[in-house]
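Below is one structure; the comments refer to it alone.
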Amino acid sequence: MCVAILNPLNAKSTVPSVAESPPPFNTAAWLAKLNDAQREAVEYGADTPSAPPGALLVIAGAGSGKTNTLAHRVANLVVKGADPRRILLLTFSRRAALEMTRRVTRIAGAALGARAALAQGLTWSGTFHSVGARLLREYADLIGLAPSFTINDREDSADLMNLVRHELGLSAKERRFPAKGTCFAIYSRVVNTGASLGHVLENAFPWCREWEADLRMLFAAYVEAKQKQSVLDYDDLLLYWSHMAGEPAIAADLSARFDHVLVDEYQDTNRLQASILLALKPDGRGLTVVGDDAQSIYSFRGATVRNILDFPAQFDPPARQVTLERNYRSTAPILAASNAVIELASERYTKNLWTDKASAQRPRLVTVADEADQARYIVEQVLEAREQGMKLKSQAVLFRAAHHSAALEIELTRRNIPFVKFGGLKFLESVHVKDVLAVLRWAENPRDRVAGFRVVQLLPGVGPATAAKVLDEIVARAGGGNPVDTAASALAAFTAPARAQEDWHPFVKLMSSVYGRQTPWPGEFEMVRRWYEPHLERNHEDAAIRHADVLQMESIAGTYPSRERFLTELTLDPPDATSDESGVPLIDEDYLILSTIHSAKGQEWRNVFVLNGVDGCIPSDLGTGSEDEIDEERRLLYVAMTRAKEDLHIVVPQRFYVHNQTHMGDRHVWASRTRFIPAHLMPLFDAYAWPRVPVPSAPTAAGLAAAARAKIEIGAKLRKMWD
């Protein structure tokens with residue numbers, strides 16, 4: 001049902017309405033499983049889909065059926081006659097978008113019966129970045145972009161930043177200039193937050209303040225380099241979209257393309273994303289955002305809780321607000337403790353999660369001696385739960401920072417308990433994966449200097465200097481024209497170094513084929529893979545393992561309709577690791593989950609352990625500089641607590657062994673319970689020390705006197721034994 005829009009500035013007239021009048025359906029069956037608040041959110045304004053009312057804010061508490069509610073709202077709009085191709089649904093992951101589309105199709109299809117095919121036209125469902133990439137390609141000619149632009153992932157963007165850094169001579173400073181990753185992190189923070197460079201340096205990178213003028217020069221040169229090479233970085237997809245929406249003619253056309261705009265996880269949006277939404281729907285009509293301010297925990301990515309807190313007041317009249325408070329996940333005692341923790345936040349939407357899942361088991365607040373005892377306690381409890389029939393996969397250990405689980409990982413390994421830790425090397429950071437993708441990206445855009453620089457150096461005998469000459473020759477031959485037409489001839493004419501002579505002809509043949517798209521997709525991926533295999537074996541001792549990853553990537557590529565779509569989607573929403581697409585590579589079918597709290601958001605488990613419930617860890621000692629930072633740390637604990645369905649353990653080690661402390665050497669550091677669970681909340685927890693052993697009371701004066709007499713009497717008896 002997808003309709004190509006040939007003229008972006010006449011978009012609305014080229015997309016006909018799917019349904020002229022709402023089809024009949026069974027209202028009772030349609031809404032029967034929704035509670036009253038969910039039903040209110042689903043039905044708001046749906047009776048007039050072509051003339052939507054003002055903005056809607058759905059505050060969806062943890063475990064309150066947010067995804068189900070949003071899917072029903074979209075489906076209800078379609079059932080009532082809204083054109084699904086004129087609905088824009090924005091999520092924060094590709095998987096979430098696919099899941100939402102499947103649910104909408106299933107729900108609306110059941111209601112529409114014979115007209116179920118109409119529900120399959122939800123073609124504008126995706127992440128902010130993927131939708132932004134699609135729109136930028138459609139409007140590219142109007143905003144000075146080459147439609148064939150490529151998208152750098154974060155590591156490639158940092159590499160390009162590094163090239164510019166060297167060209168400007170900043171790496172040759174007498175004093176150490178910030179590394180490429182730091183430079184790019186500063187740049188990204190400025191772009192996403194809208195704050196000045198000086199403010200970002202002062203508040204997030206104070207050790208780089210002395211380089212403000214040089215960084216400003218570096219960032220300007222980096223932007224110029226991207227434009228010359230027709231590449232965009234991850235942040236550009238929002239930045240260009242935001243600026244595009246700031247042009248009145250384009251903004252009006254963009255707004256007219258969509259009758260309804262719905263956003264999931266609105267608490268995780270940054271300044272740019274909020275500005276895009278306001279440009280699309282400045283009066284709020286047809287705009288729905290769903291989220292939970294209490295789960296806003298991604299400020300380090302530029303997200304701001306202010307977007308959801310200030311949302312109602314952005315419109316006149318203010319946005320309609322519906323709050324989902326019924327929780328379908330956790331027991332009543334877990335919710336009581338979680339509500340009490342978040343209630344102490346300085347600013348929030350008032351809500352009180354409730355459930356009909358009664359339980360006598362309160363959350364456990366367990367004091368242990370140190371990290372070693374913490375690990376032993378968790379292992380004991382995990383195994384005990386397993387003996388009672390609870391799978392390891394139904395249990396999770398959550399922590400504020402990845403290194404907090406080190407002692408636990410050692411104990412799990414010693415006890416032969418399989419586990420999976422969410423984190424580690426990302427899919428696109430693997431050297432062999434980046435090599436293959438670089439070939440495809442350079443074929444898509446020969447101006448992409450980072451990709452070309454990497455590809456040419458895969459050949460034996462080719463170093464940075466030779467690679468740079470090759471790229472310069474391609475640019476020189478292209479002049480002001482399209483380098484795709486001249487790249488192959490430039491490679492063929494180049495005199496390769498002696499060591500590369502044998503490999504140069506096959507390389508030129510490969511690039512000529514992929515530049516010219518001589519082999520249909522995804523067949524050209526197989527061709528690139530076969531060319532790369534000998535270089536993989538030459539450069540890596542563990543080539544067999546890496547080869548399996550490349551084959552897996554080839555399988556993934558086959559699910560995309562084109563090279564451009566494959567490169568775009570994989571860059572914008574990569575799997576966390578190669579195993580994400582092929583299943584967890586374990587020798588055991590059951591395993592314990594270890595995860596940072598940030599990675600655990602949106603997940604749930606029957607049994608949850610929270611490590612290091614102490615000040616310095618939760619909150620992090622780096623997150624207490626302002627009230628806003630402390631509030632976000634409080635929300636992190638709240639997110640961790642609300643992942644638990646049946647059992648929750650917050651473990652409080654009393655001391656930590658710290659290594660290599662300046663001036664003080666290795667030493668024990670004493671810790672105190674997290675400030676987010678003050679004394680007056682203690683009745684909500686089952687608090688005890690582990691191991692559960694009686695703690696002797698302090699001796700009284702009378703007791704000491706009696707003991708002294710007993711000592712004298714015993715001594716006398718002992719002496720008498722030898723008389």
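Identifiers for the structure tokens are assigned positionally: chains receive A, B, ... in sequence, residues are indexed from 1 per chain, and ligands are indexed from 1 in the order shown.
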Exercise. Return as a PyMOL selection string the full set of residues in range 375-516 of chain A whose backbone-based DSSP assignment is alpha helix (DSSP H).
Key: chain A and resi 375-387+406-414+431-444+449-456+464-478+484-493+501-515
Exercise. Extract, using only C-alpha atoms, all DNA, RNA and protein residues at most 12 Å from range 669-673 of chain A, discarding same-chain residues fewer than 3 positions from it, and format them as a PyMOL selection string.
Key: chain A and resi 365-371+611-619+621+650-659+661+664-666+676-679+682+687
Would you save the residues from that selection as a compact mmCIF listing (two decimals), in the first residue's frame, using N, CA, C and O atoms?
```
# COMPACT_ATOMS: atom_id res chain seq x y z
N LEU A 365 15.83 -5.27 51.36
CA LEU A 365 16.97 -4.37 51.45
C LEU A 365 18.03 -5.11 52.26
O LEU A 365 17.93 -5.21 53.49
N VAL A 366 19.01 -5.65 51.58
CA VAL A 366 19.93 -6.61 52.18
C VAL A 366 21.30 -5.98 52.39
O VAL A 366 21.96 -5.56 51.43
N THR A 367 21.74 -5.93 53.63
CA THR A 367 23.07 -5.40 53.97
C THR A 367 24.07 -6.55 54.00
O THR A 367 23.83 -7.57 54.65
N VAL A 368 25.16 -6.38 53.26
CA VAL A 368 26.23 -7.38 53.24
C VAL A 368 27.54 -6.68 53.58
O VAL A 368 27.66 -5.46 53.53
N ALA A 369 28.56 -7.47 53.90
CA ALA A 369 29.82 -6.89 54.36
C ALA A 369 30.56 -6.18 53.23
O ALA A 369 31.03 -5.05 53.40
N ASP A 370 30.63 -6.82 52.05
CA ASP A 370 31.42 -6.25 50.96
C ASP A 370 30.95 -6.82 49.63
O ASP A 370 29.95 -7.55 49.57
N GLU A 371 31.67 -6.50 48.57
CA GLU A 371 31.27 -6.94 47.23
C GLU A 371 31.35 -8.46 47.08
O GLU A 371 30.56 -9.05 46.34
N LEU A 611 22.41 -4.12 42.32
CA LEU A 611 23.72 -4.10 42.98
C LEU A 611 24.03 -2.72 43.57
O LEU A 611 23.58 -1.70 43.05
N ASN A 612 24.81 -2.73 44.63
CA ASN A 612 25.43 -1.51 45.15
C ASN A 612 24.43 -0.39 45.42
O ASN A 612 24.56 0.71 44.89
N GLY A 613 23.44 -0.68 46.27
CA GLY A 613 22.46 0.33 46.63
C GLY A 613 23.00 1.30 47.66
O GLY A 613 22.45 1.43 48.76
N VAL A 614 24.11 1.96 47.31
CA VAL A 614 24.79 2.85 48.24
C VAL A 614 25.09 4.18 47.55
O VAL A 614 25.17 4.26 46.32
N ASP A 615 25.26 5.22 48.35
CA ASP A 615 25.70 6.49 47.82
C ASP A 615 27.10 6.33 47.22
O ASP A 615 27.96 5.67 47.80
N GLY A 616 27.29 6.94 46.06
CA GLY A 616 28.53 6.76 45.31
C GLY A 616 28.34 5.84 44.14
O GLY A 616 29.07 5.92 43.15
N CYS A 617 27.34 4.95 44.24
CA CYS A 617 26.95 4.07 43.13
C CYS A 617 25.56 4.44 42.63
O CYS A 617 25.33 4.62 41.44
N ILE A 618 24.59 4.52 43.56
CA ILE A 618 23.23 5.00 43.26
C ILE A 618 22.84 5.96 44.37
O ILE A 618 22.42 5.50 45.44
N PRO A 619 23.02 7.25 44.20
CA PRO A 619 23.46 7.92 42.98
C PRO A 619 24.96 7.76 42.75
O PRO A 619 25.73 7.61 43.70
N ASP A 621 28.65 8.96 42.17
CA ASP A 621 29.32 10.13 42.72
C ASP A 621 29.59 11.19 41.65
O ASP A 621 29.93 12.33 41.97
N ILE A 650 17.46 -5.20 46.83
CA ILE A 650 18.44 -4.11 46.72
C ILE A 650 19.55 -4.43 47.71
O ILE A 650 19.31 -4.52 48.91
N VAL A 651 20.76 -4.63 47.19
CA VAL A 651 21.87 -5.11 48.02
C VAL A 651 22.77 -3.93 48.39
O VAL A 651 23.15 -3.13 47.52
N VAL A 652 23.12 -3.86 49.67
CA VAL A 652 23.87 -2.72 50.21
C VAL A 652 25.19 -3.21 50.82
O VAL A 652 25.21 -3.61 51.99
N PRO A 653 26.29 -3.20 50.05
CA PRO A 653 27.58 -3.55 50.65
C PRO A 653 28.04 -2.43 51.60
O PRO A 653 27.88 -1.24 51.30
N GLN A 654 28.63 -2.81 52.73
CA GLN A 654 29.05 -1.82 53.70
C GLN A 654 30.43 -1.26 53.41
O GLN A 654 30.78 -0.20 53.91
N ARG A 655 31.22 -1.97 52.62
CA ARG A 655 32.55 -1.46 52.32
C ARG A 655 32.99 -1.96 50.95
O ARG A 655 32.54 -3.00 50.47
N PHE A 656 33.87 -1.20 50.34
CA PHE A 656 34.43 -1.53 49.04
C PHE A 656 35.95 -1.48 49.14
O PHE A 656 36.50 -0.63 49.86
N TYR A 657 36.61 -2.38 48.42
CA TYR A 657 38.07 -2.35 48.39
C TYR A 657 38.49 -1.59 47.15
O TYR A 657 38.19 -1.97 46.02
N VAL A 658 39.16 -0.47 47.33
CA VAL A 658 39.52 0.42 46.24
C VAL A 658 41.01 0.31 45.96
O VAL A 658 41.83 0.37 46.88
N HIS A 659 41.36 0.16 44.68
CA HIS A 659 42.75 -0.02 44.28
C HIS A 659 43.36 1.28 43.77
O HIS A 659 42.68 2.12 43.17
N GLN A 661 44.50 4.18 44.79
CA GLN A 661 44.05 5.53 45.11
C GLN A 661 45.26 6.44 45.28
O GLN A 661 46.20 6.13 46.00
N MET A 664 46.82 7.51 48.77
CA MET A 664 46.33 6.66 49.86
C MET A 664 46.51 5.18 49.58
O MET A 664 46.32 4.35 50.47
N GLY A 665 46.86 4.81 48.34
CA GLY A 665 47.08 3.40 48.03
C GLY A 665 45.80 2.58 48.08
O GLY A 665 44.68 3.10 48.09
N ASP A 666 45.95 1.25 48.12
CA ASP A 666 44.80 0.36 48.23
C ASP A 666 44.20 0.47 49.63
O ASP A 666 44.92 0.49 50.62
N PHE A 676 18.30 7.66 48.45
CA PHE A 676 16.96 7.58 47.87
C PHE A 676 16.03 6.67 48.66
O PHE A 676 14.83 6.58 48.35
N ILE A 677 16.56 5.99 49.66
CA ILE A 677 15.73 5.19 50.57
C ILE A 677 16.00 5.71 51.99
O ILE A 677 16.74 5.09 52.76
N PRO A 678 15.44 6.85 52.34
CA PRO A 678 15.66 7.42 53.67
C PRO A 678 14.95 6.59 54.75
O PRO A 678 14.15 5.69 54.45
N ALA A 679 15.21 6.94 55.99
CA ALA A 679 14.73 6.13 57.12
C ALA A 679 13.22 5.98 57.13
O ALA A 679 12.70 4.90 57.47
N MET A 682 11.83 2.97 55.26
CA MET A 682 12.28 1.63 55.62
C MET A 682 11.14 0.64 55.91
O MET A 682 11.28 -0.56 55.62
N ALA A 687 14.13 -5.37 55.61
CA ALA A 687 15.55 -5.05 55.76
C ALA A 687 16.22 -6.03 56.71
O ALA A 687 15.74 -6.28 57.81
```
Exercise. Extract, using only C-alpha atoms, all DNA, RNA and protein residues at most 12 Å from Arg538 in chain A, discarding same-chain residues fewer than 3 positions from it, and format them as a list in words.
Key: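 Everything that qualifies: His432, Leu458, Leu459, Pro460, Tyr532, Glu533, Pro534, His535, Glu541, Asp542, Ala543 and Ala544 of chain A.
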Write out as a CSV table (one decimal) with C-alpha atoms, in the first residue's frame the residues lying within 9 Å of range 346-359 of chain A, counting only C-alpha atoms and excluding same-chain residues fewer than 4 positions away.
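Listing of selection04.csv after writing:
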```
chain,number,residue,atom,x,y,z
A,59,ILE,CA,1.6,9.7,31.0
A,61,GLY,CA,3.6,4.6,34.3
A,62,ALA,CA,5.9,1.6,34.4
A,64,SER,CA,0.9,0.2,32.6
A,292,ASP,CA,6.8,8.6,31.6
A,293,ASP,CA,8.8,11.5,33.2
A,294,ALA,CA,9.8,9.1,36.0
A,309,LEU,CA,7.2,18.1,31.7
A,323,THR,CA,-2.5,9.1,33.1
A,324,LEU,CA,-2.2,5.3,33.1
A,325,GLU,CA,-1.7,4.2,36.7
A,326,ARG,CA,-2.8,0.5,36.7
A,327,ASN,CA,0.3,-1.6,36.7
A,328,TYR,CA,0.2,-5.1,35.1
A,329,ARG,CA,3.7,-6.2,36.0
A,330,SER,CA,4.7,-5.9,39.7
A,331,THR,CA,3.2,-6.9,43.0
A,332,ALA,CA,1.6,-4.3,45.3
A,333,PRO,CA,4.6,-4.2,47.8
A,335,LEU,CA,4.9,-0.7,43.7
A,336,ALA,CA,4.4,0.8,47.1
A,338,SER,CA,8.7,2.3,44.0
A,339,ASN,CA,6.0,5.0,44.4
A,342,ILE,CA,9.9,8.5,43.1
A,627,GLU,CA,19.4,18.9,41.6
A,628,ASP,CA,18.6,17.8,38.1
A,631,ASP,CA,16.6,13.6,40.2
A,646,GLU,CA,7.6,-10.8,42.0
```
Given only C-alpha atoms, how would the per-residue table for range 271-321 of chain A near range 175-188 of chain A read, listing every residue at most 10 Å away with its closest atom pair and distance in Å to one decimal, sorted by chain and number, as CSV?
```
residue,atom,partner,partner_atom,distance
A:Phe300,CA,A:Ala185,CA,10.0
A:Arg301,CA,A:Ser188,CA,8.6
A:Gly302,CA,A:Ser188,CA,8.4
```
Write the selection just made, keeping all heavy atoms, as a tab-separated table (two decimals), in the first residue's frame?
```tsv
chain	number	residue	atom	x	y	z
A	300	PHE	N	22.61	11.84	29.26
A	300	PHE	CA	23.95	11.76	28.68
A	300	PHE	C	23.89	11.64	27.16
A	300	PHE	O	24.89	11.85	26.47
A	300	PHE	CB	24.72	10.58	29.28
A	300	PHE	CG	24.17	9.22	28.94
A	300	PHE	CD1	24.65	8.51	27.86
A	300	PHE	CD2	23.17	8.65	29.72
A	300	PHE	CE1	24.15	7.25	27.56
A	300	PHE	CE2	22.66	7.40	29.43
A	300	PHE	CZ	23.15	6.70	28.34
A	301	ARG	N	22.72	11.30	26.60
A	301	ARG	CA	22.54	11.28	25.15
A	301	ARG	C	21.91	12.57	24.65
A	301	ARG	O	21.60	12.70	23.47
A	301	ARG	CB	21.64	10.12	24.75
A	301	ARG	CG	22.21	8.75	25.03
A	301	ARG	CD	21.23	7.67	24.60
A	301	ARG	NE	21.69	6.33	24.94
A	301	ARG	CZ	20.92	5.25	24.85
A	301	ARG	NH1	19.65	5.37	24.44
A	301	ARG	NH2	21.39	4.07	25.17
A	302	GLY	N	21.70	13.52	25.53
A	302	GLY	CA	21.10	14.78	25.13
A	302	GLY	C	19.61	14.85	25.40
A	302	GLY	O	18.98	15.89	25.15
```
Quiz item: Skipping near chain neighbours, those fewer than 4 positions away, what residues fall within 12 Å of Gly558 in chain A using only C-alpha atoms, listed as number ranges by chain?
Solution: A: 520-526, 551-554, 562-563, 565-566
Could those selected residues go to a file with N, CA and C atoms, as an mmCIF file, in the first residue's frame?
```
data_model
loop_
_atom_site.group_PDB
_atom_site.id
_atom_site.type_symbol
_atom_site.label_atom_id
_atom_site.label_comp_id
_atom_site.auth_asym_id
_atom_site.auth_seq_id
_atom_site.Cartn_x
_atom_site.Cartn_y
_atom_site.Cartn_z
ATOM 1 N N PRO A 520 22.819 -7.297 -9.103
ATOM 2 C CA PRO A 520 21.670 -6.860 -8.286
ATOM 3 C C PRO A 520 21.872 -7.171 -6.807
ATOM 4 N N TRP A 521 21.319 -6.328 -5.961
ATOM 5 C CA TRP A 521 21.332 -6.550 -4.512
ATOM 6 C C TRP A 521 20.394 -7.697 -4.172
ATOM 7 N N PRO A 522 20.734 -8.595 -3.241
ATOM 8 C CA PRO A 522 21.927 -8.581 -2.381
ATOM 9 C C PRO A 522 23.106 -9.387 -2.936
ATOM 10 N N GLY A 523 23.043 -9.723 -4.238
ATOM 11 C CA GLY A 523 24.132 -10.500 -4.811
ATOM 12 C C GLY A 523 25.472 -9.795 -4.707
ATOM 13 N N GLU A 524 25.463 -8.448 -4.761
ATOM 14 C CA GLU A 524 26.732 -7.744 -4.684
ATOM 15 C C GLU A 524 27.365 -7.870 -3.297
ATOM 16 N N PHE A 525 26.556 -8.127 -2.260
ATOM 17 C CA PHE A 525 27.155 -8.357 -0.943
ATOM 18 C C PHE A 525 27.983 -9.634 -0.982
ATOM 19 N N GLU A 526 27.443 -10.668 -1.608
ATOM 20 C CA GLU A 526 28.199 -11.918 -1.722
ATOM 21 C C GLU A 526 29.499 -11.696 -2.482
ATOM 22 N N LEU A 551 29.262 -13.901 7.239
ATOM 23 C CA LEU A 551 28.175 -14.688 6.645
ATOM 24 C C LEU A 551 26.834 -14.314 7.273
ATOM 25 N N GLN A 552 26.852 -14.098 8.588
ATOM 26 C CA GLN A 552 25.627 -13.695 9.259
ATOM 27 C C GLN A 552 25.156 -12.334 8.753
ATOM 28 N N MET A 553 26.100 -11.431 8.542
ATOM 29 C CA MET A 553 25.753 -10.117 8.026
ATOM 30 C C MET A 553 25.188 -10.222 6.605
ATOM 31 N N GLU A 554 25.715 -11.145 5.828
ATOM 32 C CA GLU A 554 25.180 -11.359 4.480
ATOM 33 C C GLU A 554 23.728 -11.823 4.545
ATOM 34 N N SER A 562 17.484 -2.977 -0.823
ATOM 35 C CA SER A 562 18.517 -2.287 -1.582
ATOM 36 C C SER A 562 19.741 -2.051 -0.713
ATOM 37 N N ARG A 563 20.841 -1.746 -1.376
ATOM 38 C CA ARG A 563 22.079 -1.434 -0.663
ATOM 39 C C ARG A 563 21.903 -0.190 0.199
ATOM 40 N N ARG A 565 19.173 1.074 1.567
ATOM 41 C CA ARG A 565 18.333 0.809 2.742
ATOM 42 C C ARG A 565 19.107 0.001 3.785
ATOM 43 N N PHE A 566 19.877 -0.968 3.321
ATOM 44 C CA PHE A 566 20.674 -1.790 4.241
ATOM 45 C C PHE A 566 21.664 -0.928 5.015
#
```
Practice problem: Counting only C-alpha atoms, figure out which residue out of A:Val261, A:Thr67, A:Ala401, A:Arg441 gets nearest to Thr571 in chain A. | Solution: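 Looking at the shortest contact to Thr571 in chain A, the residue is A:Arg441.
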Exercise. Name the closest residue to Leu88 in chain A among the candidates A:Val289, A:Ile250, A:Ala492, A:Leu168; distances are taken between atoms, counting only C-alpha atoms.
Key: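 Using only C-alpha atoms, the shortest distance to Leu88 in chain A belongs to A:Val289.
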Quiz prompt | Shell around range 263-275 of chain A at 7 Å using only C-alpha atoms, local window under 5 positions removed, as a ChimeraX atom specification | solution = /A:89-91,192-194,238-239,242,288-293,296,298,302-305,307-308
Quiz prompt | Non-local contacts of Ala478 in chain A (12 Å; only C-alpha atoms; under 4 positions in same chain excluded) as a VMD selection string | solution = chain A and resid 446 to 447 471 to 474 482 to 490
Exercise. Find the residue from A:Leu197, A:Ile87, A:Ala313, A:Val190 that sits nearest to Ala75 in chain A; use only C-alpha atoms when measuring.
Key: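 The shortest atom-to-atom distance to Ala75 in chain A comes from A:Ile87.
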Quiz prompt | Pairwise distance for CA of Ala252 in chain A and CA of Gly132 in chain A, rounded to one decimal in Å | solution = 16.4 Å
